[in-house]
>>> print(open('target.cif').read())   # mmCIF, C-alpha atoms
data_my_file
loop_
_atom_site.label_atom_id
_atom_site.label_comp_id
_atom_site.auth_asym_id
_atom_site.auth_seq_id
_atom_site.Cartn_x
_atom_site.Cartn_y
_atom_site.Cartn_z
CA MET E 1 -31.44 16.68 -56.46
CA LYS E 2 -32.73 14.48 -59.28
CA LYS E 3 -36.29 13.16 -59.14
CA LEU E 4 -36.73 9.86 -57.32
CA ILE E 5 -38.33 6.99 -59.19
CA GLY E 6 -41.85 5.68 -58.85
CA ILE E 7 -42.67 4.61 -55.35
CA ILE E 8 -39.23 5.54 -54.16
CA ALA E 9 -40.42 9.10 -54.50
CA THR E 10 -43.78 8.66 -52.81
CA PHE E 11 -44.77 5.64 -50.83
CA GLY E 12 -47.58 4.66 -53.16
CA PHE E 13 -50.14 2.22 -51.84
CA VAL E 14 -51.93 -0.70 -53.41
CA TYR E 15 -55.47 -0.61 -52.10
CA THR E 16 -57.46 -3.83 -52.37
CA GLY E 17 -61.14 -2.97 -52.30
CA SER E 18 -60.44 0.27 -50.48
CA SER E 19 -60.10 3.14 -52.93
CA GLN E 20 -61.89 5.33 -50.39
CA ILE E 21 -58.87 5.34 -48.08
CA THR E 22 -56.25 8.09 -48.06
CA ILE E 23 -53.14 8.45 -45.91
CA GLU E 24 -51.40 11.71 -45.07
CA PRO E 25 -48.70 12.76 -45.46
CA GLU E 26 -48.12 11.22 -48.89
CA GLU E 27 -44.54 10.33 -47.98
CA TRP E 28 -44.10 8.53 -44.70
CA LEU E 29 -42.17 5.87 -42.86
CA PRO E 30 -43.72 3.41 -40.38
CA CYS E 31 -42.23 5.39 -37.49
CA ASP E 32 -43.92 8.61 -38.65
CA GLU E 33 -47.27 9.93 -37.49
CA ILE E 34 -49.88 9.36 -40.19
CA THR E 35 -53.59 10.06 -40.53
CA ILE E 36 -55.76 7.44 -42.20
CA THR E 37 -59.03 8.82 -43.59
CA ILE E 38 -61.88 6.62 -44.81
CA ASP E 39 -64.81 7.75 -46.94
CA ILE E 40 -67.66 5.52 -45.83
CA THR E 41 -69.98 6.68 -48.62
CA GLU E 42 -68.00 4.45 -50.98
CA GLY E 43 -68.42 1.38 -48.80
CA ASP E 44 -71.20 -1.17 -48.64
CA CYS E 45 -72.81 -0.10 -45.36
CA GLU E 46 -75.48 2.45 -46.14
CA LYS E 47 -76.62 2.43 -42.52
CA LEU E 48 -73.38 4.18 -41.51
CA ILE E 49 -73.77 7.03 -44.01
CA ASN E 50 -74.51 10.29 -42.19
CA ASP E 51 -74.19 8.47 -38.87
CA PRO E 52 -73.23 11.11 -36.28
CA GLY E 53 -70.98 8.61 -34.58
CA PRO E 54 -68.99 7.84 -32.70
CA LEU E 55 -67.41 5.37 -35.12
CA TYR E 56 -64.36 3.26 -34.34
CA LEU E 57 -61.38 1.74 -36.12
CA TRP E 58 -61.11 -2.05 -35.93
CA THR E 59 -57.85 -3.48 -37.26
CA TRP E 60 -56.10 -6.83 -37.23
CA LYS E 61 -53.08 -6.48 -39.52
CA PRO E 62 -50.16 -6.29 -39.22
CA LYS E 63 -50.88 -7.41 -35.65
CA GLU E 64 -54.21 -8.07 -33.96
CA SER E 65 -52.90 -8.77 -30.46
CA ARG E 66 -51.65 -5.35 -29.36
CA ALA E 67 -50.96 -3.52 -26.13
CA ALA E 68 -54.15 -2.70 -24.18
CA GLU E 69 -53.91 0.97 -25.13
CA PHE E 70 -54.34 0.14 -28.83
CA ALA E 71 -56.37 -3.09 -28.59
CA ASN E 72 -59.63 -3.33 -30.54
CA GLY E 73 -61.66 -4.06 -27.44
CA GLN E 74 -64.77 -6.22 -27.75
CA TRP E 75 -66.92 -6.36 -30.88
CA ASN E 76 -69.85 -5.02 -28.91
CA ASN E 77 -67.71 -2.53 -27.00
CA SER E 78 -64.86 -0.95 -28.97
CA ASN E 79 -61.88 0.54 -27.18
CA GLU E 80 -62.35 4.29 -26.75
CA GLU E 81 -58.73 4.81 -27.82
CA LEU E 82 -59.75 3.70 -31.32
CA LYS E 83 -62.51 6.28 -31.68
CA MET E 84 -62.26 8.00 -35.04
CA THR E 85 -62.61 11.70 -35.82
CA ASN E 86 -65.46 12.93 -38.01
CA VAL E 87 -63.85 15.34 -40.45
CA GLY E 88 -67.07 15.98 -42.39
CA SER E 89 -68.81 14.64 -45.50
CA ASN E 90 -68.80 11.09 -44.12
CA LEU E 91 -65.03 11.14 -43.80
CA TRP E 92 -63.65 9.51 -40.66
CA SER E 93 -59.99 9.67 -39.70
CA TYR E 94 -57.60 8.08 -37.24
CA THR E 95 -54.07 9.25 -36.44
CA MET E 96 -51.34 6.83 -35.40
CA VAL E 97 -47.64 6.05 -35.48
CA PRO E 98 -47.80 2.56 -37.07
CA THR E 99 -44.78 1.04 -35.33
CA GLU E 100 -46.06 2.23 -31.94
CA PHE E 101 -49.71 1.45 -32.57
CA TYR E 102 -49.13 -2.11 -33.74
CA GLY E 103 -46.02 -2.73 -31.68
CA VAL E 104 -44.04 -4.16 -34.60
CA ASP E 105 -40.95 -3.29 -36.60
CA ALA E 106 -41.22 -1.51 -39.94
CA SER E 107 -40.39 -4.75 -41.77
CA VAL E 108 -43.57 -6.38 -40.41
CA ILE E 109 -45.70 -3.50 -41.67
CA TYR E 110 -44.17 -3.83 -45.12
CA ALA E 111 -44.68 -7.60 -45.10
CA GLU E 112 -48.23 -7.69 -43.71
CA GLY E 113 -49.81 -4.39 -44.73
CA PHE E 114 -52.90 -3.02 -42.99
CA ALA E 115 -56.30 -4.69 -42.61
CA MET E 116 -59.10 -2.69 -41.01
CA LEU E 117 -62.75 -1.66 -41.00
CA VAL E 118 -64.94 1.06 -39.49
CA LYS E 119 -67.74 0.20 -37.05
CA LYS E 120 -70.08 1.52 -34.42
CA LYS E 121 -69.04 0.97 -30.83
CA ASP E 122 -71.34 -2.07 -30.85
CA GLY E 123 -70.75 -3.72 -34.20
CA GLY E 124 -73.95 -5.73 -33.96
CA GLY E 125 -74.44 -9.14 -35.51
CA GLY E 126 -76.68 -11.36 -37.53
CA GLY E 127 -75.73 -10.40 -41.06
CA ASP E 128 -73.99 -7.75 -43.11
CA CYS E 129 -74.54 -4.01 -43.03
CA SER E 130 -77.27 -3.97 -45.68
CA ALA E 131 -80.64 -2.52 -44.82
CA GLY E 132 -81.83 -5.87 -43.51
CA GLY E 133 -78.61 -6.94 -41.83
CA GLY E 134 -77.74 -6.64 -38.18
CA GLU E 135 -74.16 -5.43 -38.40
CA PHE E 136 -72.96 -1.85 -38.31
CA LYS E 137 -69.56 -1.99 -39.98
CA THR E 138 -67.90 -1.37 -43.33
CA SER E 139 -66.40 -4.08 -45.43
CA ASP E 140 -62.82 -5.15 -44.75
CA TYR E 141 -60.11 -2.93 -46.20
CA THR E 142 -56.69 -4.32 -47.12
CA LEU E 143 -53.80 -1.91 -47.71
CA LEU E 144 -50.49 -3.23 -49.02
CA ILE E 145 -47.62 -0.93 -48.04
CA PRO E 146 -44.70 -1.05 -50.49
CA PRO E 147 -41.28 -0.59 -48.89
CA PRO E 148 -39.45 2.63 -49.71
CA PHE E 149 -36.96 0.88 -51.98
CA GLU E 150 -39.03 -0.95 -54.53
CA SER E 151 -40.65 -0.74 -57.93
CA ALA E 152 -41.48 -3.35 -60.53
CA LYS E 153 -38.33 -2.55 -62.47
CA LEU E 154 -35.76 -1.08 -60.08
CA PHE E 155 -35.47 -2.28 -56.51
CA ALA E 156 -33.10 -3.33 -53.76
CA ARG E 157 -32.74 -6.42 -51.61
CA PRO E 158 -32.34 -6.13 -48.68
CA LYS E 159 -34.65 -3.15 -48.67
CA ALA E 160 -32.58 -1.14 -46.21
CA VAL E 161 -28.98 -1.52 -45.11
CA PHE E 162 -26.18 0.45 -43.59
CA SER E 163 -23.19 1.53 -45.63
CA ASN E 164 -21.03 -1.32 -44.30
CA ASP E 165 -23.55 -4.00 -45.35
CA ILE E 166 -24.06 -5.70 -48.69
CA PHE E 167 -26.41 -3.72 -50.92
CA ASN E 168 -28.04 -5.47 -53.88
CA PHE E 169 -29.47 -3.31 -56.65
CA TYR E 170 -31.72 -5.08 -59.15
CA TYR E 171 -32.87 -4.11 -62.62
CA ASP E 172 -35.66 -6.20 -64.13
CA ASN E 173 -35.37 -5.60 -67.85
CA SER E 174 -38.49 -7.70 -68.50
CA GLU E 175 -40.46 -4.82 -66.92
CA GLU E 176 -38.84 -2.21 -69.14
CA GLU E 177 -41.36 -0.09 -71.10
CA LYS E 178 -38.75 1.89 -73.01
CA VAL E 179 -38.45 0.14 -76.37
CA SER E 180 -34.81 1.10 -76.94
CA MET E 181 -33.85 -0.57 -73.61
CA GLN E 182 -35.76 -3.82 -74.00
CA ASN E 183 -34.35 -7.36 -74.38
CA LEU E 184 -30.86 -6.58 -73.11
CA ASN E 185 -28.25 -9.24 -72.44
CA GLU E 186 -25.70 -6.84 -70.97
CA VAL E 187 -26.27 -3.91 -68.58
CA TYR E 188 -23.88 -1.48 -66.91
CA VAL E 189 -24.72 0.90 -64.10
CA TYR E 190 -23.76 4.45 -63.21
CA ALA E 191 -23.09 4.13 -59.47
CA SER E 192 -22.65 7.03 -57.10
CA ALA E 193 -22.71 7.68 -53.38
CA PHE E 194 -23.83 10.83 -51.58
CA ALA E 195 -22.32 11.87 -48.28
CA GLY E 196 -22.91 15.19 -46.60
CA GLY E 197 -24.56 16.52 -49.74
CA VAL E 198 -21.51 15.73 -51.93
CA GLU E 199 -21.69 13.19 -54.78
CA TYR E 200 -18.91 10.60 -55.21
CA PRO E 201 -19.39 8.71 -58.51
CA ILE E 202 -17.28 5.71 -59.46
CA SER E 203 -17.04 6.84 -63.09
CA THR E 204 -18.47 9.63 -65.17
CA MET E 205 -21.50 8.63 -67.21
CA GLU E 206 -19.33 8.73 -70.35
CA ASN E 207 -16.82 6.24 -68.89
CA VAL E 208 -19.20 3.75 -67.25
CA GLY E 209 -19.09 1.30 -70.16
CA SER E 210 -15.31 1.02 -70.00
CA ASN E 211 -15.25 0.11 -66.29
CA PRO E 212 -15.81 -3.66 -65.80
CA ALA E 213 -16.53 -3.06 -62.12
CA LEU E 214 -19.79 -1.39 -63.17
CA LYS E 215 -21.15 -4.31 -65.18
CA MET E 216 -24.28 -5.86 -63.69
CA THR E 217 -24.54 -9.63 -63.32
CA ASN E 218 -27.10 -11.25 -65.61
CA LEU E 219 -29.33 -13.55 -63.54
CA GLY E 220 -31.43 -14.63 -66.50
CA ASN E 221 -35.09 -13.99 -67.26
CA GLY E 222 -34.29 -10.32 -67.75
CA GLN E 223 -33.02 -9.72 -64.20
CA PHE E 224 -29.68 -8.08 -63.46
CA ILE E 225 -28.01 -7.52 -60.08
CA PHE E 226 -25.27 -5.19 -58.87
CA SER E 227 -23.90 -5.98 -55.40
CA VAL E 228 -21.64 -3.72 -53.37
CA ILE E 229 -20.61 -2.91 -49.83
CA PRO E 230 -20.87 0.89 -50.10
CA ASP E 231 -18.07 1.71 -47.65
CA ASP E 232 -15.66 -0.54 -49.57
CA PHE E 233 -16.83 0.25 -53.10
CA PHE E 234 -17.07 4.04 -52.99
CA THR E 235 -13.45 4.65 -52.06
CA GLY E 236 -13.63 8.33 -52.96
CA VAL E 237 -15.72 9.11 -49.90
CA PRO E 238 -13.42 10.57 -47.23
CA ASP E 239 -12.82 8.59 -44.06
CA GLY E 240 -15.22 9.51 -41.31
CA VAL E 241 -17.86 10.82 -43.73
CA GLU E 242 -21.03 8.72 -43.65
CA ILE E 243 -22.70 7.60 -46.88
CA ASP E 244 -26.39 8.39 -46.61
CA GLN E 245 -27.67 7.85 -50.15
CA LEU E 246 -26.88 5.77 -53.24
CA LEU E 247 -27.71 6.46 -56.88
CA PHE E 248 -27.87 3.84 -59.65
CA ILE E 249 -28.70 4.37 -63.32
CA ALA E 250 -28.96 1.25 -65.49
CA ARG E 251 -27.69 1.68 -69.04
CA LYS E 252 -26.20 -0.09 -72.02
CA LYS E 253 -22.44 -0.62 -72.27
CA GLU E 254 -22.33 1.74 -75.23
CA MET E 255 -24.30 4.91 -74.61
CA ASN E 256 -24.77 7.32 -77.49
CA SER E 257 -27.93 9.07 -76.31
CA SER E 258 -30.63 8.98 -73.64
CA ASP E 259 -32.16 6.07 -75.57
CA ASP E 260 -29.39 3.89 -74.12
CA ARG E 261 -30.29 4.33 -70.44
CA VAL E 262 -33.34 3.87 -68.24
CA ASP E 263 -35.42 6.96 -67.72
CA GLU E 264 -35.31 6.71 -63.92
CA ASP E 265 -32.55 7.80 -61.55
CA ALA E 266 -32.84 5.26 -58.73
CA PHE E 267 -31.99 6.82 -55.37
CA PHE E 268 -31.81 4.75 -52.19
CA GLU E 269 -31.49 6.09 -48.67
CA LEU E 270 -29.24 4.22 -46.23
CA GLY E 271 -29.60 3.69 -42.51
CA CYS E 272 -32.33 2.84 -40.04
CA ASP E 273 -34.28 6.05 -40.65
CA ALA E 274 -34.81 5.00 -44.26
CA ALA E 275 -36.43 1.76 -43.14
CA GLY E 276 -38.30 3.12 -40.16
CA GLY E 277 -36.25 0.92 -37.88
CA GLY E 278 -34.86 2.07 -34.56
CA CYS E 279 -37.40 4.88 -34.35
#
>>> encode(input="target.cif", output="C-alpha cells")
Amino acid sequence: MKKLIGIIATFGFVYTGSSQITIEPEEWLPCDEITITIDITEGDCEKLINDPGPLYLWTWKPKESRAAEFANGQWNNSNEELKMTNVGSNLWSYTMVPTEFYGVDASVIYAEGFAMLVKKKDGGGGGDCSAGGGEFKTSDYTLLIPPPFESAKLFARPKAVFSNDIFNFYYDNSEEEKVSMQNLNEVYVYASAFAGGVEYPISTMENVGSNPALKMTNLGNGQFIFSVIPDDFFTGVPDGVEIDQLLFIARKKEMNSSDDRVDEDAFFELGCDAAGGGC
C-alpha cells in the first residue's frame, strides 16, 4: 500500500495554545477510544504543579450540555466521572470515546474541535491561577480536529461518502510547493478504486492524459475539482464487490517524469467507518 498523504495518514492536530496536549493513538476516529494527556508544567498555573490531585477535566466543546454521566458538574464540585489519571511527571490523562462522551456525531467534532481545561475539584474563584489568584485551573485549551480527508492541497468535499454518492476530489494548485507543478491551467488525475484489496484503475498512469474523462475541472484561483459517483465511474469493479477506498494522483496532461505529478498519493476511505459515523 502506498503512503497516505499528510493528515490523511495521521490525524494531525492543530493545537491553539496547547502544545502540552497529546492524544493516543496517533490515528483515531471520533468513535474510537482515545487518551488525552496534558502536561500541566507547560501551563500558566504554577499552583497545580506537583499537586497530588485529584484533578478533573472540564470541557465545553464540541458540546457543553452532555448526559449526566459525562457532565462537568459544578465549578466548585466537579463530576467524579471526569477525574483524571495521574500518569507521573505532572502528566494527567483522561480516556474517552469522543462521540459517546460528547453525545454528538463525528461531523460535530470535526466542526467544533475540543475546548477544555484541567482543574481541582473546587476550581476556586477570584482571579487566575497565579500565585496571588484564587483559581485552581489551567488556561483554556483549544484543539482543532482535522477530518480524515483533508490537507491544504488535496482534500475531499463531502469529507466522507458511500460509493453510490457523489465524491468531489479537490486539488489546490495555489498550495503546491513543487516548483515543476506550480501555476497550472490544466490538470488530469490518475483515478483508481480499491475493493477487496484489488485495485481497479480507470487508465494506466501512462494513458491518463489521453482520457478526457480524467481531466479535472478548473474552478479558478488555482483550484481544480474531479467529481464522480464511484459505483458508476469505476465500471471495472465487479458487481457485488464493495468499493472501500479511492486513490487520486493529480498530474499534468503530458507526463514525462515524476516532475509532472504531485508527490502525494491521495487515498480516501469510503463508508461510515471512515467518518466515525454510525459507530
>>> residues_around(input="target.cif", residues="range 114-121 of chain E", least_positions_apart="6", cutoff="9 Å", atoms="all atoms listed in the file", output="ChimeraX atom specification")
/E:38,40,48,53-63,74-80,83-84,92,135-145
>>> residues_around(input="target.cif", residues="range 249-258 of chain E", least_positions_apart="3", cutoff="6 Å", atoms="all atoms listed in the file", output="ChimeraX atom specification")
/E:187-190,209,261-262,265
>>> write_last_selection(input="target.cif", atoms="C-alpha atoms", output="PDB file, keeping the file's coordinate frame")
ATOM      1  CA  VAL E 187     -26.270  -3.910 -68.580  1.00  0.00           C
ATOM      2  CA  TYR E 188     -23.880  -1.480 -66.910  1.00  0.00           C
ATOM      3  CA  VAL E 189     -24.720   0.900 -64.100  1.00  0.00           C
ATOM      4  CA  TYR E 190     -23.760   4.450 -63.210  1.00  0.00           C
ATOM      5  CA  GLY E 209     -19.090   1.300 -70.160  1.00  0.00           C
ATOM      6  CA  ARG E 261     -30.290   4.330 -70.440  1.00  0.00           C
ATOM      7  CA  VAL E 262     -33.340   3.870 -68.240  1.00  0.00           C
ATOM      8  CA  ASP E 265     -32.550   7.800 -61.550  1.00  0.00           C
TER       9      ASP E 265
END
>>> residues_around(input="target.cif", residues="range 267-271 of chain E", least_positions_apart="4", cutoff="6 Å", atoms="only C-alpha atoms", output="compact mmCIF listing (two decimals) with C-alpha atoms, keeping the file's coordinate frame")
# COMPACT_ATOMS: atom_id res chain seq x y z
CA LEU E 4 -36.73 9.86 -57.32
CA VAL E 161 -28.98 -1.52 -45.11
CA PHE E 162 -26.18 0.45 -43.59
CA ASP E 244 -26.39 8.39 -46.61
CA GLN E 245 -27.67 7.85 -50.15
CA LEU E 246 -26.88 5.77 -53.24
CA LEU E 247 -27.71 6.46 -56.88
>>> resolve_selection(input="target.cif", expression="the PyMOL selection byres ((chain E and resi 199) around 10)", output="list in words")
Ser192, Ala193, Phe194, Ala195, Gly196, Gly197, Val198, Tyr200, Pro201, Ile202, Gly236, Val237, Ile243, Gln245, Leu246 and Leu247 of chain E
>>> atom_distance(input="target.cif", atom1="CA of Val104 in chain E", atom2="CA of Arg66 in chain E")
9.3 Å
>>> atom_distance(input="target.cif", atom1="CA of Pro238 in chain E", atom2="CA of Thr204 in chain E")
18.7 Å
>>> atom_distance(input="target.cif", atom1="CA of Val228 in chain E", atom2="CA of Tyr171 in chain E")
14.6 Å
>>> residues_near_point(input="target.cif", point="(-62.6, 14.1, -44.8)", cutoff="12 Å", atoms="only C-alpha atoms", output="PDB file with C-alpha atoms, in the coordinates of the input")
ATOM      1  CA  GLN E  20     -61.890   5.330 -50.390  1.00  0.00           C
ATOM      2  CA  ILE E  21     -58.870   5.340 -48.080  1.00  0.00           C
ATOM      3  CA  THR E  22     -56.250   8.090 -48.060  1.00  0.00           C
ATOM      4  CA  ILE E  23     -53.140   8.450 -45.910  1.00  0.00           C
ATOM      5  CA  GLU E  24     -51.400  11.710 -45.070  1.00  0.00           C
ATOM      6  CA  THR E  35     -53.590  10.060 -40.530  1.00  0.00           C
ATOM      7  CA  ILE E  36     -55.760   7.440 -42.200  1.00  0.00           C
ATOM      8  CA  THR E  37     -59.030   8.820 -43.590  1.00  0.00           C
ATOM      9  CA  ILE E  38     -61.880   6.620 -44.810  1.00  0.00           C
ATOM     10  CA  ASP E  39     -64.810   7.750 -46.940  1.00  0.00           C
ATOM     11  CA  ILE E  40     -67.660   5.520 -45.830  1.00  0.00           C
ATOM     12  CA  THR E  41     -69.980   6.680 -48.620  1.00  0.00           C
ATOM     13  CA  MET E  84     -62.260   8.000 -35.040  1.00  0.00           C
ATOM     14  CA  THR E  85     -62.610  11.700 -35.820  1.00  0.00           C
ATOM     15  CA  ASN E  86     -65.460  12.930 -38.010  1.00  0.00           C
ATOM     16  CA  VAL E  87     -63.850  15.340 -40.450  1.00  0.00           C
ATOM     17  CA  GLY E  88     -67.070  15.980 -42.390  1.00  0.00           C
ATOM     18  CA  SER E  89     -68.810  14.640 -45.500  1.00  0.00           C
ATOM     19  CA  ASN E  90     -68.800  11.090 -44.120  1.00  0.00           C
ATOM     20  CA  LEU E  91     -65.030  11.140 -43.800  1.00  0.00           C
ATOM     21  CA  TRP E  92     -63.650   9.510 -40.660  1.00  0.00           C
ATOM     22  CA  SER E  93     -59.990   9.670 -39.700  1.00  0.00           C
ATOM     23  CA  TYR E  94     -57.600   8.080 -37.240  1.00  0.00           C
TER      24      TYR E  94
END
>>> closest_residue(input="target.cif", among="E:Glu46, E:Glu176, E:Glu69, E:Asp232", to="Leu82 in chain E", atoms="only C-alpha atoms")
E:Glu69
>>> resolve_selection(input="target.cif", expression="the PyMOL selection byres ((chain E and resi 163) around 6)", output="PyMOL selection string")
chain E and resi 162+164-165+230-231
>>> closest_residue(input="target.cif", among="E:Gly73, E:Asn168, E:Pro30, E:Met216", to="Glu100 in chain E", atoms="only C-alpha atoms")
E:Pro30
>>> resolve_selection(input="target.cif", expression="the PyMOL selection byres ((chain E and resi 170) around 12)", output="PDB file with C-alpha atoms, in the coordinates of the input")
ATOM      1  CA  PHE E 149     -36.960   0.880 -51.980  1.00  0.00           C
ATOM      2  CA  GLU E 150     -39.030  -0.950 -54.530  1.00  0.00           C
ATOM      3  CA  SER E 151     -40.650  -0.740 -57.930  1.00  0.00           C
ATOM      4  CA  ALA E 152     -41.480  -3.350 -60.530  1.00  0.00           C
ATOM      5  CA  LYS E 153     -38.330  -2.550 -62.470  1.00  0.00           C
ATOM      6  CA  LEU E 154     -35.760  -1.080 -60.080  1.00  0.00           C
ATOM      7  CA  PHE E 155     -35.470  -2.280 -56.510  1.00  0.00           C
ATOM      8  CA  ALA E 156     -33.100  -3.330 -53.760  1.00  0.00           C
ATOM      9  CA  ARG E 157     -32.740  -6.420 -51.610  1.00  0.00           C
ATOM     10  CA  PRO E 158     -32.340  -6.130 -48.680  1.00  0.00           C
ATOM     11  CA  LYS E 159     -34.650  -3.150 -48.670  1.00  0.00           C
ATOM     12  CA  PHE E 167     -26.410  -3.720 -50.920  1.00  0.00           C
ATOM     13  CA  ASN E 168     -28.040  -5.470 -53.880  1.00  0.00           C
ATOM     14  CA  PHE E 169     -29.470  -3.310 -56.650  1.00  0.00           C
ATOM     15  CA  TYR E 171     -32.870  -4.110 -62.620  1.00  0.00           C
ATOM     16  CA  ASP E 172     -35.660  -6.200 -64.130  1.00  0.00           C
ATOM     17  CA  ASN E 173     -35.370  -5.600 -67.850  1.00  0.00           C
ATOM     18  CA  SER E 174     -38.490  -7.700 -68.500  1.00  0.00           C
ATOM     19  CA  GLU E 175     -40.460  -4.820 -66.920  1.00  0.00           C
ATOM     20  CA  VAL E 187     -26.270  -3.910 -68.580  1.00  0.00           C
ATOM     21  CA  TYR E 188     -23.880  -1.480 -66.910  1.00  0.00           C
ATOM     22  CA  VAL E 189     -24.720   0.900 -64.100  1.00  0.00           C
ATOM     23  CA  MET E 216     -24.280  -5.860 -63.690  1.00  0.00           C
ATOM     24  CA  THR E 217     -24.540  -9.630 -63.320  1.00  0.00           C
ATOM     25  CA  ASN E 218     -27.100 -11.250 -65.610  1.00  0.00           C
ATOM     26  CA  LEU E 219     -29.330 -13.550 -63.540  1.00  0.00           C
ATOM     27  CA  GLY E 222     -34.290 -10.320 -67.750  1.00  0.00           C
ATOM     28  CA  GLN E 223     -33.020  -9.720 -64.200  1.00  0.00           C
ATOM     29  CA  PHE E 224     -29.680  -8.080 -63.460  1.00  0.00           C
ATOM     30  CA  ILE E 225     -28.010  -7.520 -60.080  1.00  0.00           C
ATOM     31  CA  PHE E 226     -25.270  -5.190 -58.870  1.00  0.00           C
ATOM     32  CA  SER E 227     -23.900  -5.980 -55.400  1.00  0.00           C
ATOM     33  CA  VAL E 228     -21.640  -3.720 -53.370  1.00  0.00           C
ATOM     34  CA  PHE E 248     -27.870   3.840 -59.650  1.00  0.00           C
ATOM     35  CA  ILE E 249     -28.700   4.370 -63.320  1.00  0.00           C
ATOM     36  CA  ALA E 250     -28.960   1.250 -65.490  1.00  0.00           C
ATOM     37  CA  ALA E 266     -32.840   5.260 -58.730  1.00  0.00           C
TER      38      ALA E 266
END
>>> closest_residue(input="target.cif", among="E:Ser210, E:Ala67, E:Met205, E:Asp32", to="Pro98 in chain E", atoms="all atoms listed in the file")
E:Asp32
